[in-house]
Amino acid sequence: MAYAYLFKYIIIGDTGVGKSCLLLQFTDKRFQPVHDLTIGVEFGARMITIDGKQIKLQIWDTAGQESFRSITRSYYRGAAGALLVYDITRRDTFNHLTTWLEDARQHSNSNMVIMLIGNKSDLESRREVKKEEGEAFAREHGLIFMETSAKTASNVEEAFINTAKEIYEKIQEGVFDINNEANGIKIGPQHAATNSTLSGSQGGQQAGGGCC
Amino acid sequence: LSLSVESDQRLCGELRKHSWSGIPREVRPITWRLLSGYLPANMERREQVLKRKRDEYFGFIEQYYHSRTDETYRDTYRQIHIDIPRTNPLIPLFQQPTVQEVFERILFIWAIRHPASGYVQGINDLVTPFFVVFLSEFVEEDVENFDVASLPLDTQRNIEADSFWCMTKLLDGIQDNYTFAQPGIQNKVKALEELVSRIDEDIHNYFKRNEVEYLQFAFRWMNNLLMRELPLRCTIRLWDTYQAEQEGFSHFHLYVCAAFLIEWRKEILSMVDFQGLLMLLQNLPTIHWGNEEVGLLLAEAYRLKYMFADAPNHYKR
C-alpha cells in the first residue's frame with residue numbers, strides 16, 4: 001500500500017507495564033488480558049493519516065527484562081520515535097524511567113521523539129503514581145506525555161499518533177535528515193514521485209526505491 | 001521398548017535409538033527421566049536416586065524459598081511471579097494456583113542456584129513439557145484441563161521435583177543461551193544464517209533484499225527452543241528426539257530451525273515486503289500441527305545435519 005512516509009518506533013519500559021498490550025490495541029484494536037511475554041523483540045505495523053498523508057508506522061516492541069537489554073538496544077538506532085512506558089500502579093516502574101531514558105538517549109539518534117506513557121489508567125483505585133508526577137518528569141526531560149489504558153483503549157490511538165505528528169513536524173522544520181535511514185524515517189514511493197517539494201532540496205527521486 | 005527401559009548402559013543406547021522417532025505416551029515419563037540423565041540406567045540404583053533427588057529438591061525449598069522476599073532475591077522472584085501467569089496463558093492447566101506455585105518454586109530455586117545467568121524470560125517455558133509429561137502418568141486423557149490439586153500431595157511433590165531436575169539437566173547443556181549478552185543465542189543465530197545461506201540461497205537472498213535480519217525472528221526460536229512457534233504437543237514430540245540425540249538441545253536444534261524455516265519457503269517467497277515477512281515469521285501457522293508434521297521436520301533436520309554439518313562450502317544443494 002502506498003504511503004507518504006514510514007516511521008519506525010520502538011516501545012520500551014519495565015517488564016509487565018503493558019507494552020505489548022498497547023501495541024496490540026493499536027494495531028488490532030483488541031485487548032488480551034493475559035498476554036504472552038515478549039521474547040527479544042516483536043514487530044507490529046499500522047497505517048495512520050496525518051495532515052491528509054498516509055504514514056506507515058513500523059513498531060518494535062521490546063522485552064522489558066534486563067537480560068535482553070543487549071539485544072533490544074540495537075533497535076534504538078533506526079527509530080524515529082520511542083514510547084517509554086511505565087505502569088501507574090507500580091511505583092518502581094516509574095522510578096526506573098531515568099535509567100531507561102539514559103539508555104535511550106545514549107543509543108538513539110538525537111532527534112528521536114520520545115513519548116512518555118503512564119499505562120493502566122483504568123486501574124485508578126490501585127494508582128501509585130500521580131498524573132502530575134508523570135507530567136513533571138516529562139516536562140523536565142523534554143518528553144511528550146499521556147496516560148493510557150491498553151484495556152479500555154483510552155488515549156492509545158492518541159499516543160501513537162501524537163508521536164507521529166511530532167516527528168512529522170520535525171521533518172517539516174527540517175530537523176530530520178530524511179534521506180538518512182538511521183533516523184528511522186523513509187519516504188514512501190508515492191510521495192517521492194508526486195510531492196518532492198515537501199522533502200526539501202534533496203528531492204526524493206530515488207529515495208523511496210526499495211521500501212515497499 | 002519396555003525391555004530396553006529396564007536395562008543397562010548398553011541398552012541405554014538402544015533406548016536413544018528407539019526414542020528418536022517418538023516415544024509412546026505410556027513410557028514417555030520414565031524414558032525422559034532416563035534420557036535426560038536424571039535417572040541412572042542401573043535398575044538397582046533408581047529408586048534410591050529418585051528418593052535422594054526428590055528429598056534434595058525439597059531441602060532446597062526449605063532452605064532457600066523463604067529468601068525470595070530478601071533484598072538479594074526480591075527482583076528475581078518478582079520477575080518470576082509476573083511471568084508465571086503469562087506462561088501458556090491459553091492452557092487452563094497453567095492458570096491453576098497450585099500449578100503456578102509449583103512453577104514459581106522450580107524457577108526460583110533454579111535461578112538462585114545458577115547466578116551466572118539467573119532467571120531469563122523463556123526459561124519459564126522450558127519447565128512446561130517436563131511438568132506435563134510427568135503429570136500425564138496420573139491422568140487418563142486431557143492433561144491440559146486436569147485439576148492438579150486433586151492428586152495426592154506426594155504425587156504432586158514428585159512431579160515437581162522431577163520437573164526441576166530434568167529442567168536443570170536440560171539447562172546445563174545450553175546455559176550460555178542465558179548468560180550475560182546471551183552469547184549462545186547470538187552464535188546460534190549466526191550459525192543459522194550461515195547454514196541457510198548454504199542450503200537455500202533464494203530465501204537467504206530474499207531476506208537480504210528485504211532487509212530482514214535473522215535475529216529479528218530467530219532470537220525467539222533459540223531463546224525458547226521453538227516452543228513459541230509450535231503447539232505444546234509438538235514440543236513434547238520434538239523433545240523425544242532432542243533427548244535421544246547426543247546434543248539435541250544445543251546442536252541438533254540448529255538444524256531443526258533451518259528445516260523449520262525452509263518448511264515455509266513458498267510462503268516466505270510470496271511475501272512482498274519486510275512487513276509481510278516479519279508478520280509471517282513471527283506468526284507461522286502451525287496451530288494444526290501434530291506428530292506427523294514434527295516427524296517430517298525432524299527427518300529433514302537430520303538430512304541437513306548429515307549433509308551440511310562441517311561439510312565444505314561447495315557442497316550446496
# chains A, B, ... in the order shown; residues from 1 in each chain; ligands from 1
call {"tool": "closest_atom_pairs", "arguments": {"of": "chain A", "to": "chain B", "cutoff": "12 Å", "atoms": "only C-alpha atoms", "output": "CSV"}}
result
residue,atom,partner,partner_atom,distance
A:Met1,CA,B:Asp273,CA,10.5
A:Leu6,CA,B:Gln275,CA,11.5
A:Lys8,CA,B:Gln275,CA,11.7
A:Asp14,CA,B:Gln79,CA,10.4
A:Thr15,CA,B:Gln79,CA,7.9
A:Gly16,CA,B:Ile82,CA,7.0
A:Val17,CA,B:Ile82,CA,10.4
A:Gly18,CA,B:Ile82,CA,11.9
A:Gln32,CA,B:Pro89,CA,10.1
A:Pro33,CA,B:Pro89,CA,9.5
A:Val34,CA,B:Arg86,CA,5.9
A:His35,CA,B:Arg86,CA,6.1
A:Asp36,CA,B:Arg86,CA,5.3
A:Leu37,CA,B:Arg86,CA,6.1
A:Thr38,CA,B:Gln121,CA,8.4
A:Ile39,CA,B:Arg220,CA,5.9
A:Gly40,CA,B:Arg220,CA,6.7
A:Val41,CA,B:Gln216,CA,7.0
A:Glu42,CA,B:Gln282,CA,7.6
A:Phe43,CA,B:Leu278,CA,6.9
A:Gly44,CA,B:Met279,CA,7.4
A:Ala45,CA,B:Gln275,CA,7.4
A:Arg46,CA,B:Gln275,CA,10.0
A:Met47,CA,B:Gln275,CA,11.9
A:Lys56,CA,B:Gln275,CA,10.5
A:Leu57,CA,B:Gln275,CA,10.3
A:Gln58,CA,B:Gln275,CA,7.9
A:Ile59,CA,B:Gln275,CA,10.2
A:Trp60,CA,B:Gln216,CA,9.8
A:Asp61,CA,B:Gln216,CA,11.3
A:Thr62,CA,B:Gln216,CA,11.1
A:Ala63,CA,B:Gln121,CA,8.9
A:Gly64,CA,B:Gln121,CA,9.6
A:Gln65,CA,B:Gln121,CA,7.3
A:Glu66,CA,B:Val120,CA,8.8
A:Ser67,CA,B:Val120,CA,6.4
A:Phe68,CA,B:Ala181,CA,7.3
A:Arg69,CA,B:Ala181,CA,7.9
A:Ser70,CA,B:Ala181,CA,5.6
A:Ile71,CA,B:Ala181,CA,7.4
A:Thr72,CA,B:Gln216,CA,10.3
A:Arg73,CA,B:Ala181,CA,11.1
A:Ser74,CA,B:Leu215,CA,10.8
A:Tyr75,CA,B:Gln216,CA,10.0
A:Asp92,CA,B:Asp75,CA,10.9
A:Gly209,CA,B:Asn210,CA,11.8
A:Gly210,CA,B:Asn210,CA,8.1
A:Cys211,CA,B:Asp273,CA,7.7
A:Cys212,CA,B:Asp273,CA,5.9
call {"tool": "select_by_dssp", "arguments": {"residues": "chain A", "states": "helix (DSSP H, G or I)", "output": "VMD selection string"}}
result
chain A and resid 19 to 28 66 to 75 91 to 95 97 to 107 124 to 126 131 to 141 156 to 172 181 to 183 189 to 194 200 to 202
call {"tool": "select_by_dssp", "arguments": {"residues": "range 3-210 of chain A", "states": "strand (DSSP E or B)", "output": "PyMOL selection string"}}
result
chain A and resi 5-13+41-50+53-62+81-87+113-119+144-147+185-187
call {"tool": "closest_residue", "arguments": {"among": "A:Ile167, A:Met115, A:Ala80, A:Ala153", "to": "Thr27 in chain A", "atoms": "only C-alpha atoms"}}
result
A:Ala153
call {"tool": "atom_distance", "arguments": {"atom1": "CA of Leu151 in chain B", "atom2": "CA of Arg105 in chain B"}}
result
18.3 Å
call {"tool": "residues_around", "arguments": {"residues": "range 92-98 of chain B", "least_positions_apart": "5", "cutoff": "10 Å", "atoms": "only C-alpha atoms", "output": "list in words"}}
result
Ile84, Pro85, Arg86, Thr87, Phe103, Thr128, Val132, Asp142, Val143, Glu144, Asn145, Phe146, Asp147, Val148, Ala149 and Gln156 of chain B
call {"tool": "closest_residue", "arguments": {"among": "A:Gln106, A:Leu101, A:Asn155, A:Ser125", "to": "Phe137 in chain A", "atoms": "only C-alpha atoms"}}
result
A:Leu101
call {"tool": "residues_around", "arguments": {"residues": "Lys165 in chain A", "least_positions_apart": "4", "cutoff": "10 Å", "atoms": "only C-alpha atoms", "output": "number ranges by chain"}}
result
A: 49-51, 113, 158, 160-161, 169-171
call {"tool": "residues_around", "arguments": {"residues": "Arg77 in chain A", "least_positions_apart": "3", "cutoff": "7 Å", "atoms": "only C-alpha atoms", "output": "VMD selection string"}}
result
chain A and resid 74 107 to 109 182
call {"tool": "atom_distance", "arguments": {"atom1": "CA of Glu128 in chain A", "atom2": "CA of Asn162 in chain A"}}
result
25.5 Å
call {"tool": "decode", "arguments": {"residues": "range 79-90 of chain A", "atoms": "N, CA, C and O atoms", "output": "mmCIF file, in the first residue's frame"}}
result
data_model
loop_
_atom_site.group_PDB
_atom_site.id
_atom_site.type_symbol
_atom_site.label_atom_id
_atom_site.label_comp_id
_atom_site.auth_asym_id
_atom_site.auth_seq_id
_atom_site.Cartn_x
_atom_site.Cartn_y
_atom_site.Cartn_z
ATOM 1 N N ALA A 79 15.330 4.266 14.989
ATOM 2 C CA ALA A 79 13.961 4.561 15.417
ATOM 3 C C ALA A 79 13.753 6.071 15.418
ATOM 4 O O ALA A 79 14.572 6.826 15.925
ATOM 5 N N ALA A 80 12.632 6.511 14.837
ATOM 6 C CA ALA A 80 12.314 7.939 14.827
ATOM 7 C C ALA A 80 11.513 8.318 16.066
ATOM 8 O O ALA A 80 11.511 9.466 16.484
ATOM 9 N N GLY A 81 10.825 7.327 16.632
ATOM 10 C CA GLY A 81 10.019 7.598 17.810
ATOM 11 C C GLY A 81 10.153 6.482 18.836
ATOM 12 O O GLY A 81 10.375 5.331 18.472
ATOM 13 N N ALA A 82 10.041 6.862 20.112
ATOM 14 C CA ALA A 82 10.069 5.853 21.169
ATOM 15 C C ALA A 82 8.894 6.086 22.101
ATOM 16 O O ALA A 82 8.594 7.225 22.448
ATOM 17 N N LEU A 83 8.222 5.003 22.475
ATOM 18 C CA LEU A 83 7.221 5.095 23.526
ATOM 19 C C LEU A 83 7.864 4.511 24.773
ATOM 20 O O LEU A 83 8.212 3.331 24.800
ATOM 21 N N LEU A 84 8.040 5.345 25.781
ATOM 22 C CA LEU A 84 8.630 4.893 27.041
ATOM 23 C C LEU A 84 7.485 4.704 28.031
ATOM 24 O O LEU A 84 6.813 5.668 28.407
ATOM 25 N N VAL A 85 7.247 3.466 28.423
ATOM 26 C CA VAL A 85 6.032 3.125 29.157
ATOM 27 C C VAL A 85 6.329 2.754 30.614
ATOM 28 O O VAL A 85 7.274 2.021 30.885
ATOM 29 N N TYR A 86 5.514 3.283 31.545
ATOM 30 C CA TYR A 86 5.527 2.782 32.918
ATOM 31 C C TYR A 86 4.103 2.434 33.315
ATOM 32 O O TYR A 86 3.154 2.708 32.577
ATOM 33 N N ASP A 87 3.970 1.823 34.467
ATOM 34 C CA ASP A 87 2.680 1.351 34.947
ATOM 35 C C ASP A 87 2.284 2.226 36.136
ATOM 36 O O ASP A 87 3.011 2.264 37.130
ATOM 37 N N ILE A 88 1.165 2.943 36.034
ATOM 38 C CA ILE A 88 0.793 3.889 37.101
ATOM 39 C C ILE A 88 0.479 3.173 38.414
ATOM 40 O O ILE A 88 0.379 3.809 39.451
ATOM 41 N N THR A 89 0.328 1.848 38.379
ATOM 42 C CA THR A 89 0.045 1.118 39.616
ATOM 43 C C THR A 89 1.305 0.516 40.236
ATOM 44 O O THR A 89 1.236 -0.184 41.232
ATOM 45 N N ARG A 90 2.456 0.738 39.598
ATOM 46 C CA ARG A 90 3.708 0.214 40.169
ATOM 47 C C ARG A 90 4.775 1.299 40.187
ATOM 48 O O ARG A 90 5.396 1.607 39.187
#
